[in-house]
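Participant: Let me begin by handing over the structure; questions about it come next.
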Amino acid sequence: MEFRLITYRDVFQWAARRQDPAAYQEHSAQVRLSPEDMKSLGVRSGDTVSLSNTGGEVVVLARADAHCPAGHGLMPLSAYANRLSGYDPQVSPLPNFKNIPVTIQPTDSGVTPLVEVERGVLERG
Amino acid sequence: MENACLKGSAFFRAAWERREGTCRVGGREASLEEAVTAASGLLKGARNPLIYGLDNSTIEAQQVALRLARRLGAVVDDTSSFCQGALTQGIITGKVPTCTLAEAAQLADMMVYWGANPYHAHPRHLSKYTYYPRSQYREAGWMPDVVLAGVDVRETETSITCHKMFWLSPGGDREFIGQVMSALAGKEASMQAASFATLIEEAHFTVFFVGLGLVYSLGNDLDPFLGLLTEARSRGKAAAVPMVGHFNTMGFNHTLYGDTGYVNRVSFANGGGPQHGPEFSILRQLRGGAVDCLLVVGADPFTSLPHPLVSTLASVPIICLDPFPTPTFEGAQVAIPVAPSAVEVPGTARRMDGEVVTLPQAQTARGPSDGEVLGRLLEALD
């Protein structure tokens, strides 16, 4: 299913980033979806879902959020979300952090480890 | 540690517990002298160096960085170029009315968090300036004389706290503003917009705390919001305060403005006067492959920029000054650990409202400050 991701700040993720990589991953590798969209995807809170677009793919946990607008996913701003974000000055002078097109699918794969996301960054591509 | 918020306590704890890092050049441990020599060599050999970051540095370090940028003929930019820079430029140039946080707390009778969630981004903002403080003329917080309103696309801890919430569809800010303007003009408007317009009309002093939700929804074209701000001012006092993310972004903007007349996206290339424009944003510079040496100071572009832009850095030498081992620091050709500002490095900074605050030294510095390293780079170029 096609969605639009909206990134946001999470203080608990921010606080964990320097000292607790496991907690940082836990707070970062998640996407909040409306209960209706969760049902359409056939997933429940805590299931893994694949988020992909032309920029790449990450696997994160799905969380039900009754206040999430339908057709959208809410995701903390992190290396996970940035793997999917883009920038095209012909479209907007700003990077796309608030309206990221992604395909979300259920998956049996585990959450993409933070080290793997960061390794992808360190390899710069 | 007492009285620190979750972000503050995490920052101080990380600073106190950090290991005293060693410099690295090309992945190998090096002395500070070797690292400075290697970094200055990279900068000397670069035709189009870019200095990026500095929002977590003191004003004093920022001033040194600008001297270095001039000396190098470099481009200099910070996160404000894709965050609050447009609003900040308007405020610093006097085109957009603003106020201090103290004025907001003491005098405002309507405060609006628009596309912002200070509960997570600025945890003390609510308690110090908007929700709990008692104003000079009226009681604030849960007392109904001061209206705390919010505009957002999702429920947050902040929206639950607000007395009045206005819910928008993602990207619906421009349309909502248009509806509010219609209501203020006495024309037909949605019920929600009419309700918002009534709050503005009844307020003596409205303060808009502008979050990135609004900036991004408007695609950095703030004219509709500024039109609404003007309308609000025609009915009473009104001001805007950007909810900037880093502790001294405003310091960088003021420092660069004082030096060049611009708050970000400046090039000192070609030996002439400073040039300014969107083409000098780090985004456009990276996308166009223009950068041939990147000096990063207290920022982590590897994890904060869109991945396609990071990919363009594959063959670009990076020099990174940071207290913490971020992915950018780990991937840099020259990595120099520096003492954290506001913990080990004293100095001054500017808050989101532009007020200068003094940063006392909380503990003895373990290692050089970023300003000292930047100064050594400057000396090494002579």
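Residues are referred to by chain and number: the chain letter is A, B, ... according to the order shown in the structure tokens, the number counts from 1 in that chain, and ligands are numbered separately from 1 in the order shown.
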Can you pull out the residues contacting Pro93 of chain A? Cut-off 8 Å, using only C-alpha atoms, and skip same-chain residues under 6 positions away; I want them as a JSON list (two decimals) with N, CA and C atoms, in the first residue's frame.
Facilitator:
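Produced file result.json, reproduced below:
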[["chain", "number", "residue", "atom", "x", "y", "z"],
["B", 82, "PHE", "N", 17.47, 24.86, 5.92],
["B", 82, "PHE", "CA", 16.31, 24.02, 5.61],
["B", 82, "PHE", "C", 15.43, 23.82, 6.84],
["B", 219, "GLY", "N", 6.20, 24.87, 2.40],
["B", 219, "GLY", "CA", 7.31, 24.74, 1.45],
["B", 219, "GLY", "C", 8.29, 25.90, 1.56],
["B", 220, "ASN", "N", 8.47, 26.41, 2.76],
["B", 220, "ASN", "CA", 9.39, 27.52, 3.05],
["B", 220, "ASN", "C", 8.91, 28.86, 2.50]]
Participant: What's the 6 Å shell around segment 54-68 of chain A, counting only C-alpha atoms, without same-chain residues fewer than 5 positions away, as number ranges by chain?
Facilitator: A: 29-35, 45-49, 84, 111-112; B: 154-155
Participant: At a cut-off of 8 Å, list the chain A residues touching chain B, using only C-alpha atoms, as a PyMOL selection string.
Facilitator: chain A and resi 9-12+14-16+18-19+55+67-69+78-79+82-87+89+92-96+98+118+121-125
Participant: Those same residues, written as a PDB file, in the first residue's frame with C-alpha atoms?
Facilitator:
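See result_22.pdb below for the written result:
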ATOM      1  CA  ARG A   9      10.819  14.699  16.971  1.00  0.00           C
ATOM      2  CA  ASP A  10      10.869  12.246  19.864  1.00  0.00           C
ATOM      3  CA  VAL A  11      12.540  13.350  23.089  1.00  0.00           C
ATOM      4  CA  PHE A  12      13.078   9.805  24.329  1.00  0.00           C
ATOM      5  CA  TRP A  14      16.910  12.065  21.320  1.00  0.00           C
ATOM      6  CA  ALA A  15      17.907  11.306  24.889  1.00  0.00           C
ATOM      7  CA  ALA A  16      18.977   7.770  23.988  1.00  0.00           C
ATOM      8  CA  ARG A  18      24.374   9.168  22.704  1.00  0.00           C
ATOM      9  CA  GLN A  19      24.301   6.427  25.282  1.00  0.00           C
ATOM     10  CA  GLY A  55      15.793   5.759  -1.908  1.00  0.00           C
ATOM     11  CA  HIS A  67      -4.756   9.861  15.776  1.00  0.00           C
ATOM     12  CA  CYS A  68      -2.660   9.134  12.688  1.00  0.00           C
ATOM     13  CA  PRO A  69      -4.291  10.480   9.517  1.00  0.00           C
ATOM     14  CA  SER A  78      16.300   9.467  12.386  1.00  0.00           C
ATOM     15  CA  ALA A  79      18.667   7.649  10.055  1.00  0.00           C
ATOM     16  CA  ASN A  82      16.301   9.712   6.266  1.00  0.00           C
ATOM     17  CA  ARG A  83      17.033   6.532   4.334  1.00  0.00           C
ATOM     18  CA  LEU A  84      13.689   7.182   2.648  1.00  0.00           C
ATOM     19  CA  SER A  85      13.667  10.984   2.458  1.00  0.00           C
ATOM     20  CA  GLY A  86      14.700  12.901  -0.605  1.00  0.00           C
ATOM     21  CA  TYR A  87      15.474  16.337  -1.948  1.00  0.00           C
ATOM     22  CA  PRO A  89      14.814  21.593  -5.568  1.00  0.00           C
ATOM     23  CA  SER A  92      10.581  22.154  -3.068  1.00  0.00           C
ATOM     24  CA  PRO A  93      13.452  24.188  -1.647  1.00  0.00           C
ATOM     25  CA  LEU A  94      13.278  21.951   1.431  1.00  0.00           C
ATOM     26  CA  PRO A  95      14.157  18.283   1.822  1.00  0.00           C
ATOM     27  CA  ASN A  96      11.194  15.962   1.983  1.00  0.00           C
ATOM     28  CA  LYS A  98       7.079  15.649   5.957  1.00  0.00           C
ATOM     29  CA  GLU A 118      24.388   3.539   9.804  1.00  0.00           C
ATOM     30  CA  VAL A 121      25.419   5.787   5.604  1.00  0.00           C
ATOM     31  CA  LEU A 122      29.096   5.261   6.323  1.00  0.00           C
ATOM     32  CA  GLU A 123      29.493   3.514   2.997  1.00  0.00           C
ATOM     33  CA  ARG A 124      27.848   6.640   1.619  1.00  0.00           C
ATOM     34  CA  GLY A 125      25.515   4.925  -0.709  1.00  0.00           C
TER      35      GLY A 125
END
Participant: Which of segment 8-256 of chain B counts as alpha helix (DSSP H) under DSSP, as a VMD selection string please?
Facilitator: chain B and resid 8 to 17 32 to 45 59 to 72 85 to 92 101 to 107 118 to 121 125 157 to 161 173 to 184 191 to 202 212 to 217 223 to 235 249 to 256
Participant: Which of segment 30-123 of chain A counts as strand (DSSP E or B) under DSSP, as a PyMOL selection string please?
Facilitator: chain A and resi 30-33+48-53+56-64+72-76+86+96+100-106
Participant: Which residue out of B:Arg233, B:Arg366, B:Arg24, B:Arg265 has the minimum interatomic distance to Asp77 of chain B when only C-alpha atoms are used?
Facilitator: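 Of all the options, B:Arg265 lies closest to Asp77 of chain B.
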Participant: Measuring atom to atom with only C-alpha atoms, identify which of A:Asp108, A:Asp37, A:Glu26, A:Asp20 is nearest to Gly71 of chain A.
Facilitator: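 Looking only at the distances to Gly71 of chain A, the closest residue turns out to be A:Asp37.
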Participant: May I ask which of the residues A:Val91, A:Ile100, A:Val43, A:Val115 is the closest one to Leu74 of chain A, counting only C-alpha atoms?
Facilitator: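 Of the candidates, the smallest distance to Leu74 of chain A is held by A:Ile100.
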Participant: Identify which of the residues B:Leu286, B:Met110, B:Met243, B:Ala335 lies closest to Gly354 of chain B, counting only C-alpha atoms when measuring atom-to-atom distances.
Facilitator: B:Met243
Participant: Of the candidates B:Pro346, B:Phe176, B:Cys293, B:Gly371, which shows the shortest atom-to-atom distance to Ile51 of chain B, using only C-alpha atoms?
Facilitator: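 Nearest candidate to Ile51 of chain B out of B:Pro346, B:Phe176, B:Cys293, B:Gly371: B:Cys293.
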Participant: List as a list in words the protein and nucleic acid residues near Leu229 of chain B, meaning an atom at most 8 Å away when only C-alpha atoms are counted, but skip any in the same chain fewer than 3 places from it.
Facilitator: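 Residues meeting the cut-off are Phe225, Leu226, Ala232, Arg233, Ala238, Ala239 and Ala240 of chain B.
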Participant: Using only C-alpha atoms, please write the residues we just selected to a file, as an mmCIF file, in the first residue's frame.
Facilitator:
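The resulting part.cif:
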data_model
loop_
_atom_site.group_PDB
_atom_site.id
_atom_site.type_symbol
_atom_site.label_atom_id
_atom_site.label_comp_id
_atom_site.auth_asym_id
_atom_site.auth_seq_id
_atom_site.Cartn_x
_atom_site.Cartn_y
_atom_site.Cartn_z
ATOM 1 C CA PHE B 225 1.638 33.107 7.487
ATOM 2 C CA LEU B 226 3.230 36.550 7.444
ATOM 3 C CA ALA B 232 -3.264 39.921 13.716
ATOM 4 C CA ARG B 233 -1.095 42.992 14.310
ATOM 5 C CA ALA B 238 1.315 40.032 17.604
ATOM 6 C CA ALA B 239 4.682 38.374 17.231
ATOM 7 C CA ALA B 240 6.357 35.249 15.871
#
Participant: Could you name the residues that touch Tyr262 of chain B at 10 Å or less, counting only C-alpha atoms, but leaving out those on the same chain fewer than 3 positions away, as a CSV table (one decimal) with N, CA and C atoms, in the first residue's frame?
Facilitator:
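As a result, selection01.csv now contains:
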chain,number,residue,atom,x,y,z
B,85,GLY,N,15.3,29.2,8.8
B,85,GLY,CA,16.1,30.3,8.2
B,85,GLY,C,15.2,31.4,7.6
B,89,GLN,N,15.5,35.1,9.1
B,89,GLN,CA,16.0,36.3,8.3
B,89,GLN,C,15.0,37.4,8.4
B,92,ILE,N,15.4,39.0,12.0
B,92,ILE,CA,16.7,39.7,12.3
B,92,ILE,C,16.7,41.0,11.5
B,93,THR,N,16.1,40.9,10.3
B,93,THR,CA,16.1,42.2,9.5
B,93,THR,C,15.0,43.1,9.9
B,253,ASN,N,22.9,32.6,13.1
B,253,ASN,CA,22.2,33.4,12.2
B,253,ASN,C,22.6,34.9,12.5
B,254,HIS,N,22.6,35.3,13.7
B,254,HIS,CA,23.0,36.7,14.1
B,254,HIS,C,24.4,37.0,13.7
B,255,THR,N,25.3,36.0,14.1
B,255,THR,CA,26.7,36.2,13.8
B,255,THR,C,27.0,36.4,12.3
B,256,LEU,N,26.4,35.5,11.5
B,256,LEU,CA,26.6,35.6,10.1
B,256,LEU,C,26.0,36.9,9.5
B,257,TYR,N,24.8,37.2,10.0
B,257,TYR,CA,24.1,38.4,9.6
B,257,TYR,C,25.0,39.7,9.9
B,258,GLY,N,25.5,39.7,11.1
B,258,GLY,CA,26.3,40.9,11.5
B,258,GLY,C,27.6,41.0,10.6
B,259,ASP,N,28.0,39.9,10.1
B,259,ASP,CA,29.3,39.9,9.2
B,259,ASP,C,29.0,40.1,7.8
B,265,ARG,N,23.6,30.4,4.1
B,265,ARG,CA,23.8,30.2,2.6
B,265,ARG,C,24.7,31.3,2.0
B,266,VAL,N,25.9,31.5,2.6
B,266,VAL,CA,26.8,32.5,2.1
B,266,VAL,C,28.0,31.9,1.5
B,274,PRO,N,30.7,38.9,0.2
B,274,PRO,CA,29.9,37.7,0.4
B,274,PRO,C,28.7,37.6,-0.6
B,275,GLN,N,28.6,36.5,-1.1
B,275,GLN,CA,27.4,36.2,-2.0
B,275,GLN,C,26.4,35.3,-1.2
B,276,HIS,N,25.1,35.5,-1.6
B,276,HIS,CA,24.1,34.8,-0.8
B,276,HIS,C,23.0,34.3,-1.8
B,277,GLY,N,22.5,33.1,-1.5
B,277,GLY,CA,21.4,32.6,-2.4
B,277,GLY,C,21.2,31.2,-2.1
Participant: What's around segment 185-187 of chain B at 12 Å? Count only C-alpha atoms, leave out sequence neighbours fewer than 6 positions away in its own chain, and write the answer as a PDB file with N, CA and C atoms, in the first residue's frame.
Facilitator:
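Saved as around11.pdb:
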ATOM      1  N   GLY B 178      -5.712  30.714   4.604  1.00  0.00           N
ATOM      2  CA  GLY B 178      -6.610  31.429   3.692  1.00  0.00           C
ATOM      3  C   GLY B 178      -8.013  31.547   4.256  1.00  0.00           C
ATOM      4  N   GLN B 179      -8.469  30.468   4.893  1.00  0.00           N
ATOM      5  CA  GLN B 179      -9.798  30.486   5.496  1.00  0.00           C
ATOM      6  C   GLN B 179      -9.852  31.468   6.673  1.00  0.00           C
ATOM      7  N   ALA B 193     -11.858  27.741  11.054  1.00  0.00           N
ATOM      8  CA  ALA B 193     -11.120  28.969  10.735  1.00  0.00           C
ATOM      9  C   ALA B 193     -11.780  30.177  11.398  1.00  0.00           C
ATOM     10  N   ALA B 194     -13.097  30.182  11.417  1.00  0.00           N
ATOM     11  CA  ALA B 194     -13.805  31.305  12.058  1.00  0.00           C
ATOM     12  C   ALA B 194     -13.502  31.342  13.554  1.00  0.00           C
ATOM     13  N   ALA B 197     -10.058  32.743  13.971  1.00  0.00           N
ATOM     14  CA  ALA B 197     -10.091  34.189  13.723  1.00  0.00           C
ATOM     15  C   ALA B 197     -10.662  34.938  14.926  1.00  0.00           C
ATOM     16  N   THR B 198     -11.670  34.353  15.563  1.00  0.00           N
ATOM     17  CA  THR B 198     -12.258  34.993  16.736  1.00  0.00           C
ATOM     18  C   THR B 198     -11.235  35.115  17.866  1.00  0.00           C
ATOM     19  N   GLU B 201      -9.014  37.944  17.071  1.00  0.00           N
ATOM     20  CA  GLU B 201      -9.692  39.236  17.226  1.00  0.00           C
ATOM     21  C   GLU B 201      -9.857  39.615  18.694  1.00  0.00           C
ATOM     22  N   LEU B 228      -1.051  36.608   7.677  1.00  0.00           N
ATOM     23  CA  LEU B 228      -1.906  36.422   8.855  1.00  0.00           C
ATOM     24  C   LEU B 228      -1.343  37.174  10.055  1.00  0.00           C
ATOM     25  N   GLU B 231      -2.266  40.730   9.717  1.00  0.00           N
ATOM     26  CA  GLU B 231      -3.672  40.920  10.077  1.00  0.00           C
ATOM     27  C   GLU B 231      -3.860  40.921  11.585  1.00  0.00           C
ATOM     28  N   ALA B 232      -3.161  39.986  12.255  1.00  0.00           N
ATOM     29  CA  ALA B 232      -3.264  39.921  13.716  1.00  0.00           C
ATOM     30  C   ALA B 232      -2.741  41.202  14.343  1.00  0.00           C
ATOM     31  N   SER B 234      -2.835  44.110  13.066  1.00  0.00           N
ATOM     32  CA  SER B 234      -3.744  45.222  12.826  1.00  0.00           C
ATOM     33  C   SER B 234      -4.859  45.259  13.872  1.00  0.00           C
ATOM     34  N   ARG B 235      -4.980  44.141  14.627  1.00  0.00           N
ATOM     35  CA  ARG B 235      -6.025  44.059  15.660  1.00  0.00           C
ATOM     36  C   ARG B 235      -5.452  44.138  17.067  1.00  0.00           C
TER      37      ARG B 235
END
Participant: Choose the residue, out of B:Ile318, B:Leu295, B:Leu184, B:Ile177, that has the smallest atom-to-atom separation from Val373 of chain B; count only C-alpha atoms.
Facilitator: B:Leu295
